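Undergrad: Structure file input37.pdb (PDB, C-alpha atoms) is given on the next line.
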ATOM      1  CA  MET A   1      64.035  32.376 169.014
ATOM      2  CA  THR A   2      61.756  29.503 167.994
ATOM      3  CA  ILE A   3      60.383  30.022 164.521
ATOM      4  CA  ARG A   4      58.851  27.330 162.391
ATOM      5  CA  PRO A   5      57.916  27.181 158.726
ATOM      6  CA  VAL A   6      54.577  28.518 157.534
ATOM      7  CA  ARG A   7      52.975  25.408 156.048
ATOM      8  CA  ASN A   8      49.241  26.081 156.205
ATOM      9  CA  GLU A   9      46.633  28.767 156.823
ATOM     10  CA  THR A  10      46.780  28.292 160.596
ATOM     11  CA  ASP A  11      50.550  28.824 160.614
ATOM     12  CA  TYR A  12      50.045  31.776 158.298
ATOM     13  CA  ASP A  13      47.452  33.420 160.564
ATOM     14  CA  GLU A  14      49.660  32.895 163.610
ATOM     15  CA  ALA A  15      52.661  34.400 161.828
ATOM     16  CA  LEU A  16      50.590  37.413 160.744
ATOM     17  CA  ALA A  17      49.387  37.951 164.307
ATOM     18  CA  GLU A  18      52.943  37.861 165.590
ATOM     19  CA  ILE A  19      54.116  40.198 162.828
ATOM     20  CA  ASP A  20      51.363  42.593 163.829
ATOM     21  CA  SER A  21      52.510  42.507 167.455
ATOM     22  CA  LEU A  22      56.114  43.171 166.417
ATOM     23  CA  MET A  23      55.424  46.116 164.134
ATOM     24  CA  GLY A  24      57.257  49.221 165.305
ATOM     25  CA  VAL A  25      60.029  47.441 167.208
ATOM     26  CA  ALA A  26      63.406  49.131 167.284
ATOM     27  CA  PRO A  27      65.845  48.143 164.510
ATOM     28  CA  GLY A  28      68.792  45.986 165.490
ATOM     29  CA  THR A  29      66.970  44.200 168.297
ATOM     30  CA  PRO A  30      66.196  40.507 168.584
ATOM     31  CA  GLU A  31      62.534  41.422 168.041
ATOM     32  CA  SER A  32      63.339  43.152 164.749
ATOM     33  CA  ASP A  33      65.303  40.070 163.660
ATOM     34  CA  ARG A  34      62.292  37.920 164.524
ATOM     35  CA  LEU A  35      60.031  40.278 162.573
ATOM     36  CA  GLU A  36      62.290  40.098 159.519
ATOM     37  CA  VAL A  37      62.352  36.287 159.553
ATOM     38  CA  LEU A  38      58.584  36.030 159.996
ATOM     39  CA  VAL A  39      57.947  38.459 157.146
ATOM     40  CA  THR A  40      60.222  36.404 154.893
ATOM     41  CA  LEU A  41      58.362  33.204 155.784
ATOM     42  CA  VAL A  42      54.965  34.823 155.176
ATOM     43  CA  GLU A  43      56.082  36.282 151.839
ATOM     44  CA  ARG A  44      57.298  32.868 150.729
ATOM     45  CA  TYR A  45      54.023  31.225 151.735
ATOM     46  CA  GLU A  46      52.007  33.883 149.906
ATOM     47  CA  SER A  47      54.083  33.583 146.745
ATOM     48  CA  GLU A  48      53.557  29.813 146.687
ATOM     49  CA  HIS A  49      49.892  29.664 147.688
ATOM     50  CA  TRP A  50      48.317  32.930 146.638
ATOM     51  CA  VAL A  51      49.532  33.493 143.115
ATOM     52  CA  ILE A  52      48.062  36.650 141.651
ATOM     53  CA  ASP A  53      48.102  36.828 137.893
ATOM     54  CA  ALA A  54      49.059  40.072 136.243
ATOM     55  CA  PRO A  55      46.019  41.964 134.959
ATOM     56  CA  ASP A  56      45.117  41.891 131.320
ATOM     57  CA  PRO A  57      46.346  44.958 129.405
ATOM     58  CA  ILE A  58      43.018  46.800 129.287
ATOM     59  CA  SER A  59      42.358  46.279 132.997
ATOM     60  CA  ALA A  60      45.847  47.603 133.736
ATOM     61  CA  ILE A  61      45.285  50.679 131.573
ATOM     62  CA  SER A  62      41.875  51.309 133.140
ATOM     63  CA  HIS A  63      43.284  50.949 136.645
ATOM     64  CA  VAL A  64      46.120  53.382 135.964
ATOM     65  CA  MET A  65      43.725  55.858 134.404
ATOM     66  CA  GLU A  66      41.428  55.717 137.429
ATOM     67  CA  ALA A  67      44.277  55.897 139.938
ATOM     68  CA  ARG A  68      45.855  58.891 138.219
ATOM     69  CA  GLY A  69      42.622  60.691 137.412
ATOM     70  CA  LEU A  70      43.147  60.292 133.675
ATOM     71  CA  ARG A  71      40.344  60.283 131.129
ATOM     72  CA  GLN A  72      39.775  58.660 127.794
ATOM     73  CA  ARG A  73      40.866  61.934 126.205
ATOM     74  CA  ASP A  74      44.295  61.543 127.874
ATOM     75  CA  LEU A  75      44.623  58.088 126.380
ATOM     76  CA  ALA A  76      43.507  59.451 123.004
ATOM     77  CA  GLU A  77      46.228  62.104 123.069
ATOM     78  CA  LEU A  78      48.756  59.401 123.797
ATOM     79  CA  ILE A  79      47.728  56.817 121.198
ATOM     80  CA  GLY A  80      46.539  59.081 118.422
ATOM     81  CA  SER A  81      42.782  59.450 118.309
ATOM     82  CA  GLN A  82      39.598  59.487 120.362
ATOM     83  CA  SER A  83      38.110  56.647 118.345
ATOM     84  CA  HIS A  84      41.172  54.436 118.882
ATOM     85  CA  ALA A  85      41.106  55.132 122.621
ATOM     86  CA  SER A  86      37.411  54.280 122.786
ATOM     87  CA  GLU A  87      37.851  51.092 120.778
ATOM     88  CA  VAL A  88      40.822  49.979 122.887
ATOM     89  CA  LEU A  89      39.009  50.570 126.181
ATOM     90  CA  ARG A  90      35.920  48.756 124.877
ATOM     91  CA  ARG A  91      38.143  45.875 123.748
ATOM     92  CA  ARG A  92      37.127  46.335 120.128
ATOM     93  CA  ARG A  93      40.654  47.174 118.922
ATOM     94  CA  PRO A  94      43.837  45.423 120.043
ATOM     95  CA  LEU A  95      46.769  47.423 121.294
ATOM     96  CA  SER A  96      49.348  47.958 118.573
ATOM     97  CA  LEU A  97      53.063  47.766 119.209
ATOM     98  CA  ALA A  98      53.267  51.554 118.848
ATOM     99  CA  MET A  99      50.525  51.997 121.461
ATOM    100  CA  ILE A 100      52.274  49.595 123.839
ATOM    101  CA  ARG A 101      55.557  51.434 123.455
ATOM    102  CA  MET A 102      53.888  54.789 124.077
ATOM    103  CA  LEU A 103      52.011  53.561 127.172
ATOM    104  CA  ALA A 104      55.182  52.017 128.575
ATOM    105  CA  LYS A 105      57.234  55.131 127.913
ATOM    106  CA  GLU A 106      54.794  57.876 128.876
ATOM    107  CA  TRP A 107      52.725  56.243 131.630
ATOM    108  CA  GLY A 108      55.353  53.811 132.904
ATOM    109  CA  LEU A 109      53.156  50.767 132.370
ATOM    110  CA  PRO A 110      55.114  47.500 132.271
ATOM    111  CA  ALA A 111      55.455  46.349 128.682
ATOM    112  CA  ASP A 112      55.246  42.704 129.782
ATOM    113  CA  VAL A 113      51.699  43.371 131.024
ATOM    114  CA  LEU A 114      50.695  45.299 127.897
ATOM    115  CA  VAL A 115      51.810  42.557 125.490
ATOM    116  CA  ARG A 116      49.772  39.845 127.207
ATOM    117  CA  ASP A 117      46.995  38.215 125.239
ATOM    118  CA  TYR A 118      43.480  39.344 126.048
ATOM    119  CA  GLU A 119      40.058  38.797 124.611
ATOM    120  CA  LEU A 120      38.463  41.333 122.345
ATOM    121  CA  ALA A 121      34.742  42.002 122.480
ATOM    122  CA  THR A 122      32.751  40.219 119.847
ATOM    123  CA  PRO A 123      30.659  42.389 117.537
TER
END
Have the structure of the file written as structure tokens, please.
TA:
Amino acid sequence: MTIRPVRNETDYDEALAEIDSLMGVAPGTPESDRLEVLVTLVERYESEHWVIDAPDPISAISHVMEARGLRQRDLAELIGSQSHASEVLRRRRPLSLAMIRMLAKEWGLPADVLVRDYELATP
């Protein structure tokens, strides 16, 4: 089994092509071992070269709302009022600690994302 490090985009593309060809192999075979090693190398390359920042809190809330089919009214019920929900989503009001705790508890949003700094809209 000759496997080499993934050092650049060419190596990365080649590793992805081989991973694609190995998908669906039987567990416990030399091919599945090769697949596992290649996936590990690709994951390491991606984590070093394609860093994806966590979203800002409002983008995270908006994404979760869209993905779960939630509306502004659902957010309002959670954080206390329709006006607060509107102001938060429009970036006119910062999230309070109580709001962050509620969103983390009830919607399962990561608190470390919700406490990140973000820009508010200017009046």
Undergrad: Can you list, as an MDAnalysis selection string, the residues that the PyMOL selection byres ((chain A and resi 55) around 12) selects here?
TA: chainID A and resid 52:54 56:64 109:110 112:118
Undergrad: Atom CA of A:Met23 to atom CA of A:Val37: how many Å, to one decimal?
TA: 12.9 Å
Undergrad: Run the PyMOL selection byres ((chain A and resi 42) around 9) on the file and write out the hits as a list of chain:residue names.
TA: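 Matching residues under the PyMOL selection byres ((chain A and resi 42) around 9) are A:Pro5, A:Val6, A:Tyr12, A:Ala15, A:Leu16, A:Val37, A:Leu38, A:Val39, A:Thr40, A:Leu41, A:Glu43, A:Arg44, A:Tyr45, A:Glu46, A:Ser47.
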Undergrad: Just say which residues the PyMOL selection byres ((chain A and resi 82-89) around 9) picks in this file, as a CSV table (one decimal) with C-alpha atoms, in the frame of the given file.
TA:
chain,number,residue,atom,x,y,z
A,58,ILE,CA,43.0,46.8,129.3
A,59,SER,CA,42.4,46.3,133.0
A,61,ILE,CA,45.3,50.7,131.6
A,62,SER,CA,41.9,51.3,133.1
A,72,GLN,CA,39.8,58.7,127.8
A,73,ARG,CA,40.9,61.9,126.2
A,74,ASP,CA,44.3,61.5,127.9
A,75,LEU,CA,44.6,58.1,126.4
A,76,ALA,CA,43.5,59.5,123.0
A,77,GLU,CA,46.2,62.1,123.1
A,78,LEU,CA,48.8,59.4,123.8
A,79,ILE,CA,47.7,56.8,121.2
A,80,GLY,CA,46.5,59.1,118.4
A,81,SER,CA,42.8,59.4,118.3
A,90,ARG,CA,35.9,48.8,124.9
A,91,ARG,CA,38.1,45.9,123.7
A,92,ARG,CA,37.1,46.3,120.1
A,93,ARG,CA,40.7,47.2,118.9
A,94,PRO,CA,43.8,45.4,120.0
A,95,LEU,CA,46.8,47.4,121.3
A,120,LEU,CA,38.5,41.3,122.3
Undergrad: For stretch 77-85 of chain A, what centre and edge lengths in Å (one decimal) does the axis-aligned box get once 8 Å is added on each side of all its listed atoms, as JSON?
TA:
{"center_x": 43.4, "center_y": 58.3, "center_z": 121.1, "size_x": 26.6, "size_y": 23.7, "size_z": 21.5}
Undergrad: Go through A:Ser96, A:Met65, A:Glu9, A:Arg34 and flag the residue nearest A:Ser21, using only C-alpha atoms for the distances.
TA: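 Result for the nearest residue to A:Ser21: A:Arg34.
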Undergrad: Under the rule that all atoms listed in the file are counted, which of A:Ser32, A:His49, A:Trp107, A:Met102 is the nearest residue to A:Ala67?
TA: A:Trp107
Undergrad: Please report the interatomic distance between atom CA of A:Leu35 and atom CA of A:Asp20 in Å with one decimal.
TA: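 Interatomic distance here is 9.1 Å.
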Undergrad: Rounded to one decimal place, report the atom CA of A:Glu14-atom CA of A:Glu36 distance in Å.
TA: 15.1 Å
Undergrad: With distances taken over all atoms listed in the file, which residue among A:Asn8, A:Pro123, A:Ala98, A:Pro30 lies nearest A:Ala111?
TA: A:Ala98
Undergrad: Have a look at A:Asp13, A:Trp50, A:Thr2, A:Arg101 and name the one nearest to A:Asp33; count all atoms listed in the file.
TA: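 Of A:Asp13, A:Trp50, A:Thr2, A:Arg101, the one nearest A:Asp33 is A:Thr2, counting all atoms listed in the file.
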